[in-house]
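Heads up: the structure comes next, in structure tokens.
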Amino acid sequence: MARVYNWQLGREMSYWYPESRPQRQFAAVFDTNKCIACQTCTLACKTTWTSGKGQEYMLWNNVETKPYGSYPLAYDLKLLDMLNGQSWAGNKYEGQTIFESAPAGERVLGWRPEEQDYAYPNVGEDDCANQVDSGAFLNLPHMNWFFYLARICNHCTYPACLASCPRGSIYKRPEDGIVLVDQGRCRGYQECVRGCPYKKVFFNPMTGTSEKCIACFPKIEQGIQPQCFVNCIGKIRLAGYLSRPDQVRPDNPLDYLVHIKKIALPLFPQFGLEPNVYYIPPIHAPVSFNQQLFGPGAGEAMKAYRNAANDPDLASLLCLFGSTEMMVSRFRRTGDVVAGSDDKGAELVRVPMREPVYVRPAVDPKNQLVRINCP
Amino acid sequence: MRYAGVTLMILLSAACSKGPKQVAEVVAMERAGLPANPTDAAWEEAPEHLAKLVPQDQVEPRVLTPTTGEVRVRALTNGNEVAFRLEWVDDSKSDKPGPTKMIDACAIQIPARIEKDLPEPQMGQEGKPVQVTYWRADWQSTIDGRGDTIRDLYPNASIDHYPHEAKPLAPGSDAQKEMALRYSPARALGNMRGGPRSVPVEDLVANGPGTLAPGPSLGAKGKGAHQKGGWSVVISRKIPEGLAPNQKTHIAFAVWQGSQRESGARKMRTGWITLSRRSGS
């Protein structure tokens with residue numbers, strides 16, 4: 001194994017291949033606080049990419065209710081259990097990654113889901129963390145919690161699927177860091193299914209090969225955000241390119257949220273893959289739970305999000321989520337307006353931070369009618 | 001005295017055994033017609049070689065716990081083609097692909113060229129390619145008539161809608177087939193790991209672990225049957241270089257048990273075994 005640097009762990013780690021970062025890295029920020037689990041993203045992906053034979057059970061995008069939801073079943077708990085303790089000293093991870101704890105004869109610490117584990121795609125939906133006692137739902141704030149976690153392939157810097165494939169059928173594109181399974185080369189060994197801790201590679205029994213999220217690369221190549229982003233009802237998603245920590249550009253939305261404000265955090269960074277989908281943690285969930293999912297920065301990220309109303313630049317950037325189907329490379333706030341532009345500087349969108357409020361009285365004296373609230 | 005008695009019993013037992021004649025190498029007996037079926041009586045004309053299998057423990061992922069212990073091999077040749085019958089014990093028939101389901105399979109490996117030094121027995125090496133002929137149980141089931149729908153794998157599956165089978169696409173039309181390929185990228189690229197097939201085997205070439213790729217056609221054919229608690233599989237191909245009359249080459253075997261979750265590098269294999277040709281007369 002080679003030694004590589006994983007900035008999310010604050011240290012070097014072992015990986016199957018030497019460090020080879022792409023020219024730029026496709027990345028995303030998901031705001032869990034805005035997700036309503038409508039599954040529009042799931043269906044947008046499903047109808048676009050996985051409506052074929054053998055893809056019936058595949059959800060390249062899924063939304064699960066935490067703490068109990070997962071797809072496939074208990075994908076996260078099983079590996080957390082196998083990985084034993086995962087301790088951090090500040091921002092440095094002191095535990096072992098799935099590469100460092102690979103058993104003898106294996107490339108990564110992995111496991112194979114059973115067929116039945118794919119049978120409950122929305123298990124735990126809307127189940128909150130604890131029992132709601134009689135009458136408790138009448139009181140605010142509610143003392144129990146759950147939140148929605150939307151997941152796609154993380155297009156990791158150190159993909160476990162790529163490391164697991166014994167014949168090099170998985171590759172990470174040097175131009176944008178998107179991780180793809182070569183459908184001409186794959187022989188269906190399913191080592192990638194076993195290796196990916198997020199279980200975002202799926203075996204297609206009809207083609208006999210493994211398939212996964214392709215980050216809608218035909219759209220990305222045209223500067224357009226993927227299907228699950230542009231169809232998001234809650235406008236929780238923002239796609240872009242993330243710089244390395246030593247090359248941060250403050251006007252890059254992704255850099256600002258991930259590196260500068262540190263408000264968006266990777267999912268299970270302790271696995272060691274340096275995943276590139278970043279989550280704004282749910283501010284109503286316990287810090288300890290968020291720390292297990294998103295690492296030691298969860299508490300500060302929650303504070304920063306709660307304070308967004310007093311942080312105009314952050315607040316303005318959050319307004320850009322879902323405001324355009326194009327990928328926003330730069331943002332700039334002027335007063336109460338934020339503008340997003342592409343990588344050539346051409347303006348793509350301009351969004352007011354506060355939208356005007358119009359009050360329509362129930363009675364319209366001019367037309368002498370009563371308005372009713374129906375479409 | 002007691003030990004002498006045991007030894008005598010073993011010797012007597014061996015002498016009285018009516019098992020097949022076994023040989024230390026794989027001998028392809030010359031014969032005019034090659035049997036396609038593993039149950040064909042013609043296989044009795046060939047001596048049996050018992051090939052011990054060892055875990056693939058050279059490259060990750062490795063097999064650390066042995067599974068299939070041995071494969072029994074017979075070979076026949078008509079001068080143009082050579083056919084092998086491989087038999088091994090496997091109580092469970094694994095012929096349905098699925099998530100985390102592995103498939104029973106076997107393969108033969110022969111040096112692509114006759115050279116002074118043999119290629120590495122584990123998938124050959126750079127500059128010293130090996131030819132691999134690979135048989136798989138799910139392909140056999142497809143050949144034997146299993147359909148190409150998800151219900152053939154999961155009889156209770158319920159499908160709401162496939163875009164490529166929706167109106168106005170006419171069933172079987174070019175437009176409909178083209179649409180279906182959009183959702184089957186591997187098939188669109190000609191990588192037929194699943195789907196309709198004409199033979200349950202494929203011709204491959206390798207230059208070392210992880211390099212297995214489609215090879216020049218060697219006219220591979222095959223037929224496998226699961227019976228009496230194991231597999232009996234015929235694999236035939238063009239006669240290899242080095243198996244001209246009175247010459248020798250080498251062969252290696254590999255077996256995968258789906259129930260043991262073996263696929264790819266997770267397999268039981270042999271080293272090189274001498275492969276010779278002998279006249280039946």
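Residues are named by chain letter and number: chains run A, B, ... in the order of the structure tokens, numbers start at 1 in each chain, and ligands are numbered from 1 in the order shown.
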Restrict the distance test to only C-alpha atoms, flag each residue of chain A within 7 Å of chain B, and return the flagged residues as an mmCIF file with N, CA and C atoms, in the first residue's frame.
data_model
loop_
_atom_site.group_PDB
_atom_site.id
_atom_site.type_symbol
_atom_site.label_atom_id
_atom_site.label_comp_id
_atom_site.auth_asym_id
_atom_site.auth_seq_id
_atom_site.Cartn_x
_atom_site.Cartn_y
_atom_site.Cartn_z
ATOM 1 N N TRP A 49 -31.536 7.133 -15.175
ATOM 2 C CA TRP A 49 -30.422 6.200 -15.358
ATOM 3 C C TRP A 49 -30.729 4.743 -15.047
ATOM 4 N N THR A 50 -31.655 4.458 -14.124
ATOM 5 C CA THR A 50 -31.778 3.065 -13.667
ATOM 6 C C THR A 50 -33.189 2.517 -13.859
ATOM 7 N N SER A 51 -33.712 2.678 -15.070
ATOM 8 C CA SER A 51 -35.033 2.119 -15.377
ATOM 9 C C SER A 51 -34.940 0.864 -16.224
ATOM 10 N N GLY A 52 -33.777 0.295 -16.314
ATOM 11 C CA GLY A 52 -33.593 -0.869 -17.170
ATOM 12 C C GLY A 52 -33.737 -2.179 -16.415
ATOM 13 N N LYS A 53 -33.676 -3.268 -17.172
ATOM 14 C CA LYS A 53 -33.754 -4.592 -16.562
ATOM 15 C C LYS A 53 -32.501 -4.833 -15.720
ATOM 16 N N GLY A 54 -32.732 -5.312 -14.533
ATOM 17 C CA GLY A 54 -31.611 -5.572 -13.627
ATOM 18 C C GLY A 54 -31.280 -4.385 -12.749
ATOM 19 N N GLY A 105 -5.139 -10.742 3.294
ATOM 20 C CA GLY A 105 -5.654 -11.223 2.025
ATOM 21 C C GLY A 105 -6.675 -10.313 1.374
ATOM 22 N N GLU A 106 -7.053 -9.242 2.059
ATOM 23 C CA GLU A 106 -8.062 -8.329 1.503
ATOM 24 C C GLU A 106 -7.436 -6.968 1.214
ATOM 25 N N ARG A 107 -8.084 -6.222 0.331
ATOM 26 C CA ARG A 107 -7.608 -4.876 0.019
ATOM 27 C C ARG A 107 -8.213 -3.825 0.930
ATOM 28 N N ARG A 112 -20.248 -7.910 2.405
ATOM 29 C CA ARG A 112 -21.233 -8.034 1.328
ATOM 30 C C ARG A 112 -22.640 -7.999 1.915
ATOM 31 N N PRO A 113 -23.477 -7.072 1.473
ATOM 32 C CA PRO A 113 -24.873 -7.111 1.920
ATOM 33 C C PRO A 113 -25.539 -8.371 1.386
ATOM 34 N N GLU A 114 -26.502 -8.872 2.144
ATOM 35 C CA GLU A 114 -27.310 -9.976 1.646
ATOM 36 C C GLU A 114 -28.366 -9.411 0.695
ATOM 37 N N GLU A 115 -28.924 -10.282 -0.138
ATOM 38 C CA GLU A 115 -29.946 -9.841 -1.072
ATOM 39 C C GLU A 115 -31.100 -9.133 -0.339
ATOM 40 N N PRO A 166 -9.978 -5.948 -8.554
ATOM 41 C CA PRO A 166 -8.696 -6.591 -8.846
ATOM 42 C C PRO A 166 -8.252 -6.426 -10.291
ATOM 43 N N ARG A 167 -9.130 -5.904 -11.141
ATOM 44 C CA ARG A 167 -8.732 -5.798 -12.546
ATOM 45 C C ARG A 167 -8.808 -4.372 -13.067
ATOM 46 N N GLN A 183 -17.928 -0.092 -18.041
ATOM 47 C CA GLN A 183 -18.896 -1.147 -18.335
ATOM 48 C C GLN A 183 -18.400 -2.113 -19.408
ATOM 49 N N GLY A 184 -17.355 -1.746 -20.098
ATOM 50 C CA GLY A 184 -16.778 -2.664 -21.075
ATOM 51 C C GLY A 184 -15.772 -3.610 -20.451
ATOM 52 N N ARG A 187 -16.151 -7.340 -14.970
ATOM 53 C CA ARG A 187 -16.536 -8.743 -15.104
ATOM 54 C C ARG A 187 -17.467 -9.198 -13.979
ATOM 55 N N TYR A 189 -17.321 -9.154 -10.624
ATOM 56 C CA TYR A 189 -16.843 -9.865 -9.428
ATOM 57 C C TYR A 189 -17.482 -9.329 -8.150
ATOM 58 N N GLN A 190 -18.001 -8.124 -8.210
ATOM 59 C CA GLN A 190 -18.667 -7.479 -7.069
ATOM 60 C C GLN A 190 -17.723 -7.161 -5.918
ATOM 61 N N PHE A 203 -24.823 -4.295 -8.160
ATOM 62 C CA PHE A 203 -24.624 -5.321 -9.186
ATOM 63 C C PHE A 203 -25.888 -5.474 -10.013
ATOM 64 N N PRO A 205 -27.899 -7.874 -12.203
ATOM 65 C CA PRO A 205 -27.918 -9.296 -12.543
ATOM 66 C C PRO A 205 -28.225 -9.565 -14.013
ATOM 67 N N MET A 206 -28.774 -8.590 -14.716
ATOM 68 C CA MET A 206 -29.100 -8.813 -16.121
ATOM 69 C C MET A 206 -27.913 -8.520 -17.033
ATOM 70 N N THR A 207 -27.112 -7.539 -16.702
ATOM 71 C CA THR A 207 -25.915 -7.285 -17.513
ATOM 72 C C THR A 207 -24.705 -8.007 -16.936
ATOM 73 N N GLY A 208 -24.791 -8.432 -15.665
ATOM 74 C CA GLY A 208 -23.669 -9.129 -15.044
ATOM 75 C C GLY A 208 -22.514 -8.215 -14.683
ATOM 76 N N THR A 209 -22.771 -6.928 -14.629
ATOM 77 C CA THR A 209 -21.724 -5.982 -14.247
ATOM 78 C C THR A 209 -22.223 -5.107 -13.099
#
Practice item. From a DSSP pass on the backbone, collect the residues of segment 5-250 of chain A flagged as alpha helix (DSSP H) and hand them back as an MDAnalysis selection string. Key: chainID A and resid 40:49 75:82 160:164 191:195 217:220 227:230
Exercise for review: Considering only C-alpha atoms, return as number ranges by chain whatever protein or nucleic-acid residues lie within 12 Å of Met13 of chain A, sequence-local ones (same chain, fewer than 3 positions apart) excluded.
Suggested key: A: 1-10, 16-19, 92-101, 158, 270-274
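Counting only C-alpha atoms, segment 26-31 of chain B has the following residues at most 8 Å away, ignoring those fewer than 4 positions along the same chain: Glu45, Ala46, Pro47, Glu48, His49, Val73, Arg74, Ala75, Leu76, Thr77, Asn78, Gly79, Val82, Ile273, Thr274, Leu275, Ser276, Arg277, Arg278, Ser279 and Gly280 of chain B.
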For the residues selected in the previous step, produce a file with C-alpha atoms as a PDB file, in the first residue's frame.
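Result went into selection.pdb, see below:
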ATOM      1  CA  GLU B  45     -11.794 -43.843 -23.177  1.00  0.00           C
ATOM      2  CA  ALA B  46      -9.657 -41.187 -21.560  1.00  0.00           C
ATOM      3  CA  PRO B  47      -7.666 -41.683 -18.370  1.00  0.00           C
ATOM      4  CA  GLU B  48      -8.545 -39.471 -15.456  1.00  0.00           C
ATOM      5  CA  HIS B  49      -6.222 -36.972 -13.866  1.00  0.00           C
ATOM      6  CA  VAL B  73     -10.087 -34.142 -15.558  1.00  0.00           C
ATOM      7  CA  ARG B  74     -10.307 -36.190 -18.750  1.00  0.00           C
ATOM      8  CA  ALA B  75      -9.309 -35.027 -22.205  1.00  0.00           C
ATOM      9  CA  LEU B  76      -9.972 -36.087 -25.797  1.00  0.00           C
ATOM     10  CA  THR B  77      -8.734 -34.661 -29.080  1.00  0.00           C
ATOM     11  CA  ASN B  78      -9.577 -35.143 -32.729  1.00  0.00           C
ATOM     12  CA  GLY B  79      -6.432 -33.378 -33.903  1.00  0.00           C
ATOM     13  CA  VAL B  82      -9.293 -30.702 -27.712  1.00  0.00           C
ATOM     14  CA  ILE B 273       0.169 -29.713 -15.226  1.00  0.00           C
ATOM     15  CA  THR B 274       1.679 -31.472 -18.220  1.00  0.00           C
ATOM     16  CA  LEU B 275      -0.791 -31.919 -21.062  1.00  0.00           C
ATOM     17  CA  SER B 276       0.113 -34.588 -23.570  1.00  0.00           C
ATOM     18  CA  ARG B 277      -1.532 -36.345 -26.482  1.00  0.00           C
ATOM     19  CA  ARG B 278      -1.773 -40.054 -26.980  1.00  0.00           C
ATOM     20  CA  SER B 279      -3.059 -42.287 -29.715  1.00  0.00           C
ATOM     21  CA  GLY B 280      -5.951 -44.452 -28.681  1.00  0.00           C
TER      22      GLY B 280
END
Point to revise | Every residue of segment 26-146 of chain B that DSSP places in strand (DSSP E), as a VMD selection string | key: chain B and resid 26 to 30 49 to 52 54 to 55 70 to 77 81 to 89 105 to 111 130 to 136
Point to revise | Spatial neighbours of segment 233-239 of chain A, max dist 6 Å, only C-alpha atoms, sep filter under 3 positions, as a PyMOL selection string | key: chain A and resi 27-31+34-35+229+321-322
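Our summary of the geometry notes that atom CA of Trp60 of chain A is positioned 12.9 Å from atom CA of Thr40 of chain A.
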Exercise for review: Find the residues near Val71 of chain B: any atom within 6 Å, counting only C-alpha atoms, skip ones fewer than 6 places away on the same chain, and give them as a list in words.
Suggested key: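 With the cut-off at 6 Å, the set is Ala51, Glu87 and Trp88 of chain B.
In this comparison, which uses only C-alpha atoms, the residue of A:Leu348, A:Ala160, A:Met302, A:Val248 approaching Ser288 of chain A most closely is A:Met302.
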Practice item. Considering only C-alpha atoms, return as a ChimeraX atom specification whatever protein or nucleic-acid residues lie within 12 Å of Thr48 of chain A, sequence-local ones (same chain, fewer than 3 positions apart) excluded. Key: /A:41-45,51-52,55,59-61,213-216,218-219,226-228,231 /B:162-163,182-183
**Study point:** Distance criterion (only C-alpha atoms): nearest to Trp231 of chain B out of B:Pro55, B:Gly33, B:Pro121, B:Pro38
**Key:**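 With only C-alpha atoms as the atom set, the closest residue is B:Pro38.
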